[in-house]
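Here the structure comes first, spelled out in structure tokens, and everything after it is commentary.
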Amino acid sequence: MSGIVQAARVAPKKIIIDCDPGIDDALAITLAHGSPELDIVGITTVGGNVDLAYTTDNALRLREFLGLPEVPITAGSEGALLRSRVNAAGVHGDLGLGEARLPEATLPVRAGHAADFIIETLKAAPGEITLVAIGPLTNIALALLKEPRIVGWAREFAILGGSYTRGNFSPAAEFNIAADPEAAAIVFGAGWTVTMIGLDVSRQALAVGKVVDRMRGMGRLGTDLLVPCVEFYGMVTAEEGPAIHDACAIAYLIDPTLIAVEPAVVEVETAGRFTSGMTVTHFDLGDRVPNALVGTTLDVPRFWDLVLGVYEDVARRIGVV
Ligand code: RIB
Ligand code: CA
């Protein structure tokens with residue numbers, strides 16, 4: 001015995017990612033794929049940053065670029081339950097991945113609707129799969145309306161979304177919630193605990209100059225995906241850079257110690273003229289039962305150590321040319 005006790009390797013956490021790629025969605029999926037702590041068992045897409053056709057095409061392209069052919073990708077809802085479409089093409093580009101142009105996908109999207117995939121997959125493995133949503137919550141709400149029992153079948157449920165301070169779609173609301181407030185209200189009212197990684201956390205995850213410099217040294221992953229995405233996403237200087245929001249939700253699933261969370265009651269505003277989509281967050285519970293664990297602080301140095309270390313592993317796998 002060398003005296004070095006091998007850490008017992010726990011089985012990777014199985015996850016379904018519901019997303020709207022989207023620049024930060026792409027970085028989040030890359031992080032999830034590269035992490036030995038996670039096993040992506042499915043990806044579902046929703047209209048959000050750009051139209052469903054583009055979010056789905058981006059997911060299909062990313063799947064092959066990263067070498068994930070066995071992961072099923074199922075498309076879901078084009079738009080919100082009740083509201084007219086909004087998008088963030090001004091932030092992510094018309095095609096949704098900034099200046100990145102990944103090779104066309106050769107493998108098809110899985111037939112069926114994302115909500116049914118979520119229901120069927122969670123039902124087949126109750127208590128084993130974590131559901132993480134990093135786009136508008138329409139698919140999740142539809143799954144809940146069709147089969148409320150997914151609340152008990154999901155191992156855990158986390159989102160990138162919301163804010164207990166200020167929004168980014170409006171002063172009050174974060175984009176993923178504002179895009180479909182009725183869906184978000186259904187999700188937060190479903191009876192499970194929502195781990196809400198919101199802007200309060202993700203605005204700390206800034207891809208500043210030294211981060212992007214490391215990405216430049218990551219071969220095809222850097223030149224074909226990471227750098228053209230991040231440099232489109234926002235101005236990069238020594239101190240400033242775009243926040244890679246969605247990756248924070250994935251990082252939390254990899255290592256929950258990266259983000260401090262507090263129990264809270266979160267209610268979604270659906271009627272406010274100026275506050276629609278606001279996640280009204282009550283940290284002072286009183287006698288109320290919390291429906292959420294809300295992220296408050298990010299361990300920024302450890303976050304980037306994790307993210308860039310995983311990206312370098314992925315870069316080695318996909319090669320330099
Ligand atoms: O507010 C940030 C969120 O909105 C991220 O999920 C980003 O991809 C956009 O969908
Ligand atoms: Ca997203």
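Convention: chains lettered A, B, ... in structure tokens order; per-chain residue numbering from 1; ligands numbered from 1 as shown.
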Excluding range 62-79 of chain A and any residue of its chain fewer than 3 positions from it, enumerate the residues within 6 Å of it, using only C-alpha atoms, and give them as a compact mmCIF listing (two decimals) with C-alpha atoms, in the first residue's frame.
# COMPACT_ATOMS: atom_id res chain seq x y z
CA VAL A 41 -28.00 11.58 -20.46
CA GLY A 42 -29.98 14.01 -22.59
CA ILE A 43 -30.19 17.52 -23.95
CA THR A 44 -33.47 19.28 -24.64
CA THR A 45 -33.86 22.58 -26.41
CA VAL A 46 -36.22 25.51 -26.11
CA GLY A 47 -36.67 28.77 -27.96
CA LEU A 52 -35.92 26.99 -31.52
CA ASN A 58 -26.56 24.74 -32.29
CA ALA A 59 -27.05 21.87 -29.83
CA ARG A 85 -41.67 35.48 -28.27
CA VAL A 109 -32.60 15.50 -33.59
CA ARG A 110 -34.53 12.87 -31.62
CA HIS A 113 -41.13 16.73 -27.66
CA ALA A 114 -38.62 17.71 -24.99
### Message
Could you pull out the strand (DSSP E or B) residues of range 3-223 of chain A, going by DSSP on the backbone, and write them as a PyMOL selection string?
### Response
chain A and resi 13-19+38-45+73-75+110+129-133+154-160+194-197+206
List all protein, DNA and RNA residues that have any atom at most 9 Å from ligand 1, counting only C-alpha atoms and all ligand atoms, and write the list as a PDB file with N, CA and C atoms, in the first residue's frame.
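The result, stored in result_38.pdb:
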ATOM      1  N   CYS A  19     -31.958  23.666 -22.553  1.00  0.00           N
ATOM      2  CA  CYS A  19     -31.124  24.830 -22.870  1.00  0.00           C
ATOM      3  C   CYS A  19     -31.608  25.568 -24.104  1.00  0.00           C
ATOM      4  N   ASP A  20     -31.021  26.763 -24.304  1.00  0.00           N
ATOM      5  CA  ASP A  20     -31.331  27.568 -25.497  1.00  0.00           C
ATOM      6  C   ASP A  20     -30.028  28.119 -26.095  1.00  0.00           C
ATOM      7  N   PRO A  21     -29.143  27.223 -26.575  1.00  0.00           N
ATOM      8  CA  PRO A  21     -27.817  27.667 -27.068  1.00  0.00           C
ATOM      9  C   PRO A  21     -27.946  28.648 -28.225  1.00  0.00           C
ATOM     10  N   GLY A  22     -27.254  29.645 -27.981  1.00  0.00           N
ATOM     11  CA  GLY A  22     -26.838  30.459 -26.854  1.00  0.00           C
ATOM     12  C   GLY A  22     -25.371  30.208 -26.493  1.00  0.00           C
ATOM     13  N   ILE A  23     -24.669  31.353 -26.420  1.00  0.00           N
ATOM     14  CA  ILE A  23     -23.223  31.346 -26.177  1.00  0.00           C
ATOM     15  C   ILE A  23     -22.912  30.709 -24.834  1.00  0.00           C
ATOM     16  N   ASP A  24     -23.536  31.188 -23.757  1.00  0.00           N
ATOM     17  CA  ASP A  24     -23.165  30.640 -22.451  1.00  0.00           C
ATOM     18  C   ASP A  24     -23.720  29.240 -22.251  1.00  0.00           C
ATOM     19  N   ASP A  25     -24.811  28.915 -22.957  1.00  0.00           N
ATOM     20  CA  ASP A  25     -25.281  27.523 -22.953  1.00  0.00           C
ATOM     21  C   ASP A  25     -24.210  26.605 -23.528  1.00  0.00           C
ATOM     22  N   ALA A  26     -23.595  27.032 -24.621  1.00  0.00           N
ATOM     23  CA  ALA A  26     -22.559  26.213 -25.270  1.00  0.00           C
ATOM     24  C   ALA A  26     -21.378  26.014 -24.329  1.00  0.00           C
ATOM     25  N   GLY A  48     -35.383  30.612 -27.102  1.00  0.00           N
ATOM     26  CA  GLY A  48     -34.996  31.552 -26.043  1.00  0.00           C
ATOM     27  C   GLY A  48     -34.079  32.627 -26.583  1.00  0.00           C
ATOM     28  N   ASN A  49     -32.780  32.408 -26.434  1.00  0.00           N
ATOM     29  CA  ASN A  49     -31.810  33.382 -26.957  1.00  0.00           C
ATOM     30  C   ASN A  49     -32.069  33.650 -28.440  1.00  0.00           C
ATOM     31  N   VAL A  50     -32.270  32.558 -29.159  1.00  0.00           N
ATOM     32  CA  VAL A  50     -32.664  32.630 -30.583  1.00  0.00           C
ATOM     33  C   VAL A  50     -33.803  31.623 -30.797  1.00  0.00           C
ATOM     34  N   ASN A  87     -36.413  37.391 -27.692  1.00  0.00           N
ATOM     35  CA  ASN A  87     -35.141  36.692 -27.901  1.00  0.00           C
ATOM     36  C   ASN A  87     -33.992  37.586 -27.477  1.00  0.00           C
ATOM     37  N   ALA A  88     -32.790  37.023 -27.551  1.00  0.00           N
ATOM     38  CA  ALA A  88     -31.585  37.773 -27.170  1.00  0.00           C
ATOM     39  C   ALA A  88     -30.559  37.690 -28.295  1.00  0.00           C
ATOM     40  N   VAL A  91     -27.597  39.778 -28.313  1.00  0.00           N
ATOM     41  CA  VAL A  91     -26.491  39.427 -27.400  1.00  0.00           C
ATOM     42  C   VAL A  91     -25.721  38.212 -27.911  1.00  0.00           C
ATOM     43  N   HIS A  92     -26.448  37.253 -28.494  1.00  0.00           N
ATOM     44  CA  HIS A  92     -25.838  35.966 -28.892  1.00  0.00           C
ATOM     45  C   HIS A  92     -25.575  35.874 -30.395  1.00  0.00           C
ATOM     46  N   ALA A 133     -32.008  23.396 -15.976  1.00  0.00           N
ATOM     47  CA  ALA A 133     -32.560  24.248 -17.035  1.00  0.00           C
ATOM     48  C   ALA A 133     -31.777  25.550 -17.093  1.00  0.00           C
ATOM     49  N   ILE A 134     -31.262  25.849 -18.290  1.00  0.00           N
ATOM     50  CA  ILE A 134     -30.447  27.055 -18.460  1.00  0.00           C
ATOM     51  C   ILE A 134     -31.013  27.959 -19.552  1.00  0.00           C
ATOM     52  N   GLY A 135     -32.290  27.822 -19.796  1.00  0.00           N
ATOM     53  CA  GLY A 135     -33.034  28.687 -20.721  1.00  0.00           C
ATOM     54  C   GLY A 135     -34.403  28.966 -20.123  1.00  0.00           C
ATOM     55  N   PRO A 136     -35.297  29.551 -20.915  1.00  0.00           N
ATOM     56  CA  PRO A 136     -36.664  29.729 -20.431  1.00  0.00           C
ATOM     57  C   PRO A 136     -37.271  28.395 -20.000  1.00  0.00           C
ATOM     58  N   ILE A 159     -31.596  25.603 -11.820  1.00  0.00           N
ATOM     59  CA  ILE A 159     -31.729  26.488 -12.978  1.00  0.00           C
ATOM     60  C   ILE A 159     -30.628  27.531 -12.949  1.00  0.00           C
ATOM     61  N   LEU A 160     -30.281  28.026 -14.119  1.00  0.00           N
ATOM     62  CA  LEU A 160     -29.654  29.336 -14.221  1.00  0.00           C
ATOM     63  C   LEU A 160     -30.811  30.272 -14.543  1.00  0.00           C
ATOM     64  N   GLY A 161     -31.117  31.150 -13.613  1.00  0.00           N
ATOM     65  CA  GLY A 161     -32.227  32.068 -13.879  1.00  0.00           C
ATOM     66  C   GLY A 161     -32.566  32.851 -12.636  1.00  0.00           C
ATOM     67  N   GLY A 162     -33.306  33.929 -12.857  1.00  0.00           N
ATOM     68  CA  GLY A 162     -33.767  34.732 -11.737  1.00  0.00           C
ATOM     69  C   GLY A 162     -32.695  35.665 -11.203  1.00  0.00           C
ATOM     70  N   GLY A 167     -32.394  42.734 -12.582  1.00  0.00           N
ATOM     71  CA  GLY A 167     -32.513  41.859 -13.745  1.00  0.00           C
ATOM     72  C   GLY A 167     -31.552  42.233 -14.843  1.00  0.00           C
ATOM     73  N   ASN A 168     -31.733  41.540 -15.978  1.00  0.00           N
ATOM     74  CA  ASN A 168     -30.956  41.921 -17.177  1.00  0.00           C
ATOM     75  C   ASN A 168     -31.866  42.086 -18.392  1.00  0.00           C
ATOM     76  N   PHE A 169     -33.045  41.496 -18.309  1.00  0.00           N
ATOM     77  CA  PHE A 169     -34.037  41.705 -19.372  1.00  0.00           C
ATOM     78  C   PHE A 169     -34.777  43.006 -19.094  1.00  0.00           C
ATOM     79  N   ALA A 173     -36.290  41.820 -13.923  1.00  0.00           N
ATOM     80  CA  ALA A 173     -36.380  40.411 -14.323  1.00  0.00           C
ATOM     81  C   ALA A 173     -35.187  39.929 -15.133  1.00  0.00           C
ATOM     82  N   GLU A 174     -34.791  38.700 -14.857  1.00  0.00           N
ATOM     83  CA  GLU A 174     -33.716  38.022 -15.609  1.00  0.00           C
ATOM     84  C   GLU A 174     -34.337  37.398 -16.854  1.00  0.00           C
ATOM     85  N   PHE A 175     -33.574  37.235 -17.918  1.00  0.00           N
ATOM     86  CA  PHE A 175     -34.111  36.851 -19.223  1.00  0.00           C
ATOM     87  C   PHE A 175     -34.882  35.527 -19.190  1.00  0.00           C
ATOM     88  N   ASN A 176     -34.298  34.463 -18.607  1.00  0.00           N
ATOM     89  CA  ASN A 176     -34.940  33.151 -18.678  1.00  0.00           C
ATOM     90  C   ASN A 176     -36.315  33.145 -18.011  1.00  0.00           C
ATOM     91  N   ILE A 177     -36.443  33.940 -16.961  1.00  0.00           N
ATOM     92  CA  ILE A 177     -37.737  34.018 -16.269  1.00  0.00           C
ATOM     93  C   ILE A 177     -38.674  34.950 -17.029  1.00  0.00           C
ATOM     94  N   ALA A 179     -38.768  35.615 -20.125  1.00  0.00           N
ATOM     95  CA  ALA A 179     -39.210  35.059 -21.403  1.00  0.00           C
ATOM     96  C   ALA A 179     -40.498  34.248 -21.240  1.00  0.00           C
ATOM     97  N   GLY A 198     -28.836  32.451  -9.851  1.00  0.00           N
ATOM     98  CA  GLY A 198     -29.288  33.627 -10.596  1.00  0.00           C
ATOM     99  C   GLY A 198     -28.172  34.589 -10.917  1.00  0.00           C
ATOM    100  N   LEU A 199     -28.592  35.743 -11.411  1.00  0.00           N
ATOM    101  CA  LEU A 199     -27.612  36.745 -11.834  1.00  0.00           C
ATOM    102  C   LEU A 199     -26.736  37.218 -10.673  1.00  0.00           C
ATOM    103  N   SER A 202     -24.099  34.682 -11.117  1.00  0.00           N
ATOM    104  CA  SER A 202     -23.438  34.536 -12.424  1.00  0.00           C
ATOM    105  C   SER A 202     -22.751  35.819 -12.896  1.00  0.00           C
ATOM    106  N   ALA A 243     -20.135  37.811 -18.571  1.00  0.00           N
ATOM    107  CA  ALA A 243     -20.457  36.790 -17.559  1.00  0.00           C
ATOM    108  C   ALA A 243     -20.957  35.535 -18.265  1.00  0.00           C
ATOM    109  N   ILE A 244     -20.310  34.410 -17.985  1.00  0.00           N
ATOM    110  CA  ILE A 244     -20.747  33.163 -18.650  1.00  0.00           C
ATOM    111  C   ILE A 244     -21.789  32.490 -17.761  1.00  0.00           C
ATOM    112  N   HIS A 245     -22.933  33.103 -17.680  1.00  0.00           N
ATOM    113  CA  HIS A 245     -24.002  32.765 -16.747  1.00  0.00           C
ATOM    114  C   HIS A 245     -24.262  31.257 -16.607  1.00  0.00           C
ATOM    115  N   ASP A 246     -24.640  30.605 -17.706  1.00  0.00           N
ATOM    116  CA  ASP A 246     -25.126  29.219 -17.622  1.00  0.00           C
ATOM    117  C   ASP A 246     -24.103  28.263 -17.017  1.00  0.00           C
ATOM    118  N   ALA A 247     -22.823  28.542 -17.253  1.00  0.00           N
ATOM    119  CA  ALA A 247     -21.786  27.637 -16.730  1.00  0.00           C
ATOM    120  C   ALA A 247     -21.834  27.578 -15.209  1.00  0.00           C
TER     121      ALA A 247
END
### Message
Ranking A:Pro12, A:Gly112, A:Gly217, A:Gly286 by minimum distance to Leu253 in chain A and counting only C-alpha atoms, which one comes first?
### Response
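Closest to Leu253 in chain A, using only C-alpha atoms: A:Pro12.
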### Task
Have a look at A:Met235, A:Met278, A:Val307, A:Ala125 and name the one nearest to Val208 in chain A; count only C-alpha atoms.
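Comparing A:Met235, A:Met278, A:Val307, A:Ala125 against Val208 in chain A, the winner is A:Met235.
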### Message
Can you measure CA of Leu38 in chain A to CA of Thr130 in chain A for me? One decimal in Å is fine.
### Response
9.8 Å
### Long-range neighbours of Ile186 in chain A as an MDAnalysis selection string, 12 Å cut-off, only C-alpha atoms, 2 positions minimum in chain
chainID A and resid 81 137:146 148 151 177 180:184 188:192 194 266:270 291
How would the residues just picked look written out with N, CA and C atoms as a PDB file, in the first residue's frame?
ATOM      1  N   LEU A  81     -45.569  29.874 -22.831  1.00  0.00           N
ATOM      2  CA  LEU A  81     -46.917  29.309 -22.675  1.00  0.00           C
ATOM      3  C   LEU A  81     -47.980  30.297 -23.152  1.00  0.00           C
ATOM      4  N   LEU A 137     -38.205  28.434 -19.047  1.00  0.00           N
ATOM      5  CA  LEU A 137     -38.634  27.209 -18.348  1.00  0.00           C
ATOM      6  C   LEU A 137     -39.873  26.565 -18.973  1.00  0.00           C
ATOM      7  N   THR A 138     -40.157  26.876 -20.211  1.00  0.00           N
ATOM      8  CA  THR A 138     -41.385  26.390 -20.859  1.00  0.00           C
ATOM      9  C   THR A 138     -41.452  24.868 -20.912  1.00  0.00           C
ATOM     10  N   ASN A 139     -40.363  24.215 -21.323  1.00  0.00           N
ATOM     11  CA  ASN A 139     -40.375  22.745 -21.410  1.00  0.00           C
ATOM     12  C   ASN A 139     -40.593  22.110 -20.041  1.00  0.00           C
ATOM     13  N   ILE A 140     -39.975  22.703 -19.033  1.00  0.00           N
ATOM     14  CA  ILE A 140     -40.096  22.154 -17.674  1.00  0.00           C
ATOM     15  C   ILE A 140     -41.539  22.286 -17.187  1.00  0.00           C
ATOM     16  N   ALA A 141     -42.125  23.445 -17.456  1.00  0.00           N
ATOM     17  CA  ALA A 141     -43.519  23.668 -17.044  1.00  0.00           C
ATOM     18  C   ALA A 141     -44.462  22.705 -17.755  1.00  0.00           C
ATOM     19  N   LEU A 142     -44.247  22.494 -19.040  1.00  0.00           N
ATOM     20  CA  LEU A 142     -45.100  21.557 -19.782  1.00  0.00           C
ATOM     21  C   LEU A 142     -44.956  20.147 -19.239  1.00  0.00           C
ATOM     22  N   ALA A 143     -43.727  19.766 -18.891  1.00  0.00           N
ATOM     23  CA  ALA A 143     -43.517  18.433 -18.320  1.00  0.00           C
ATOM     24  C   ALA A 143     -44.257  18.308 -16.986  1.00  0.00           C
ATOM     25  N   LEU A 144     -44.195  19.352 -16.173  1.00  0.00           N
ATOM     26  CA  LEU A 144     -44.879  19.343 -14.874  1.00  0.00           C
ATOM     27  C   LEU A 144     -46.396  19.277 -15.044  1.00  0.00           C
ATOM     28  N   LEU A 145     -46.922  20.015 -16.022  1.00  0.00           N
ATOM     29  CA  LEU A 145     -48.373  20.015 -16.237  1.00  0.00           C
ATOM     30  C   LEU A 145     -48.843  18.640 -16.709  1.00  0.00           C
ATOM     31  N   LYS A 146     -47.988  17.998 -17.521  1.00  0.00           N
ATOM     32  CA  LYS A 146     -48.383  16.697 -18.076  1.00  0.00           C
ATOM     33  C   LYS A 146     -48.188  15.579 -17.049  1.00  0.00           C
ATOM     34  N   PRO A 148     -47.059  15.680 -13.098  1.00  0.00           N
ATOM     35  CA  PRO A 148     -46.563  16.338 -11.875  1.00  0.00           C
ATOM     36  C   PRO A 148     -45.603  15.469 -11.058  1.00  0.00           C
ATOM     37  N   VAL A 151     -41.667  15.788 -10.138  1.00  0.00           N
ATOM     38  CA  VAL A 151     -41.137  16.448  -8.930  1.00  0.00           C
ATOM     39  C   VAL A 151     -40.454  15.433  -8.020  1.00  0.00           C
ATOM     40  N   ILE A 177     -36.443  33.940 -16.961  1.00  0.00           N
ATOM     41  CA  ILE A 177     -37.737  34.018 -16.269  1.00  0.00           C
ATOM     42  C   ILE A 177     -38.674  34.950 -17.029  1.00  0.00           C
ATOM     43  N   ASP A 180     -40.705  33.657 -20.053  1.00  0.00           N
ATOM     44  CA  ASP A 180     -41.931  32.878 -19.824  1.00  0.00           C
ATOM     45  C   ASP A 180     -42.257  32.875 -18.328  1.00  0.00           C
ATOM     46  N   PRO A 181     -42.774  33.989 -17.831  1.00  0.00           N
ATOM     47  CA  PRO A 181     -43.055  34.097 -16.389  1.00  0.00           C
ATOM     48  C   PRO A 181     -44.075  33.071 -15.899  1.00  0.00           C
ATOM     49  N   GLU A 182     -45.073  32.783 -16.717  1.00  0.00           N
ATOM     50  CA  GLU A 182     -46.088  31.791 -16.316  1.00  0.00           C
ATOM     51  C   GLU A 182     -45.450  30.415 -16.143  1.00  0.00           C
ATOM     52  N   ALA A 183     -44.550  30.058 -17.026  1.00  0.00           N
ATOM     53  CA  ALA A 183     -43.845  28.772 -16.883  1.00  0.00           C
ATOM     54  C   ALA A 183     -43.020  28.764 -15.605  1.00  0.00           C
ATOM     55  N   ALA A 184     -42.338  29.872 -15.344  1.00  0.00           N
ATOM     56  CA  ALA A 184     -41.499  29.942 -14.146  1.00  0.00           C
ATOM     57  C   ALA A 184     -42.350  29.843 -12.890  1.00  0.00           C
ATOM     58  N   PHE A 188     -41.690  27.082 -10.005  1.00  0.00           N
ATOM     59  CA  PHE A 188     -41.379  27.388  -8.597  1.00  0.00           C
ATOM     60  C   PHE A 188     -42.509  26.948  -7.664  1.00  0.00           C
ATOM     61  N   GLY A 189     -43.710  26.744  -8.223  1.00  0.00           N
ATOM     62  CA  GLY A 189     -44.849  26.348  -7.382  1.00  0.00           C
ATOM     63  C   GLY A 189     -45.150  24.861  -7.416  1.00  0.00           C
ATOM     64  N   ALA A 190     -44.216  24.070  -7.985  1.00  0.00           N
ATOM     65  CA  ALA A 190     -44.532  22.642  -8.246  1.00  0.00           C
ATOM     66  C   ALA A 190     -44.381  21.747  -7.032  1.00  0.00           C
ATOM     67  N   GLY A 191     -43.747  22.265  -5.968  1.00  0.00           N
ATOM     68  CA  GLY A 191     -43.604  21.428  -4.782  1.00  0.00           C
ATOM     69  C   GLY A 191     -42.226  20.832  -4.599  1.00  0.00           C
ATOM     70  N   TRP A 192     -41.325  21.063  -5.555  1.00  0.00           N
ATOM     71  CA  TRP A 192     -39.927  20.616  -5.357  1.00  0.00           C
ATOM     72  C   TRP A 192     -39.100  21.810  -4.896  1.00  0.00           C
ATOM     73  N   VAL A 194     -36.237  24.241  -5.904  1.00  0.00           N
ATOM     74  CA  VAL A 194     -35.518  24.735  -7.075  1.00  0.00           C
ATOM     75  C   VAL A 194     -34.195  25.327  -6.607  1.00  0.00           C
ATOM     76  N   VAL A 266     -39.404  31.703  -3.193  1.00  0.00           N
ATOM     77  CA  VAL A 266     -39.336  32.503  -4.421  1.00  0.00           C
ATOM     78  C   VAL A 266     -40.701  32.484  -5.084  1.00  0.00           C
ATOM     79  N   GLU A 267     -41.200  33.671  -5.377  1.00  0.00           N
ATOM     80  CA  GLU A 267     -42.469  33.810  -6.092  1.00  0.00           C
ATOM     81  C   GLU A 267     -42.225  34.598  -7.363  1.00  0.00           C
ATOM     82  N   VAL A 268     -42.830  34.192  -8.447  1.00  0.00           N
ATOM     83  CA  VAL A 268     -42.608  34.818  -9.743  1.00  0.00           C
ATOM     84  C   VAL A 268     -43.742  35.783 -10.032  1.00  0.00           C
ATOM     85  N   GLU A 269     -43.367  37.020 -10.342  1.00  0.00           N
ATOM     86  CA  GLU A 269     -44.343  38.045 -10.696  1.00  0.00           C
ATOM     87  C   GLU A 269     -44.833  37.803 -12.126  1.00  0.00           C
ATOM     88  N   THR A 270     -46.142  37.636 -12.294  1.00  0.00           N
ATOM     89  CA  THR A 270     -46.665  37.428 -13.652  1.00  0.00           C
ATOM     90  C   THR A 270     -47.630  38.548 -14.061  1.00  0.00           C
ATOM     91  N   ASN A 291     -39.150  26.996  -1.009  1.00  0.00           N
ATOM     92  CA  ASN A 291     -39.294  26.264  -2.285  1.00  0.00           C
ATOM     93  C   ASN A 291     -38.040  26.394  -3.146  1.00  0.00           C
TER      94      ASN A 291
END
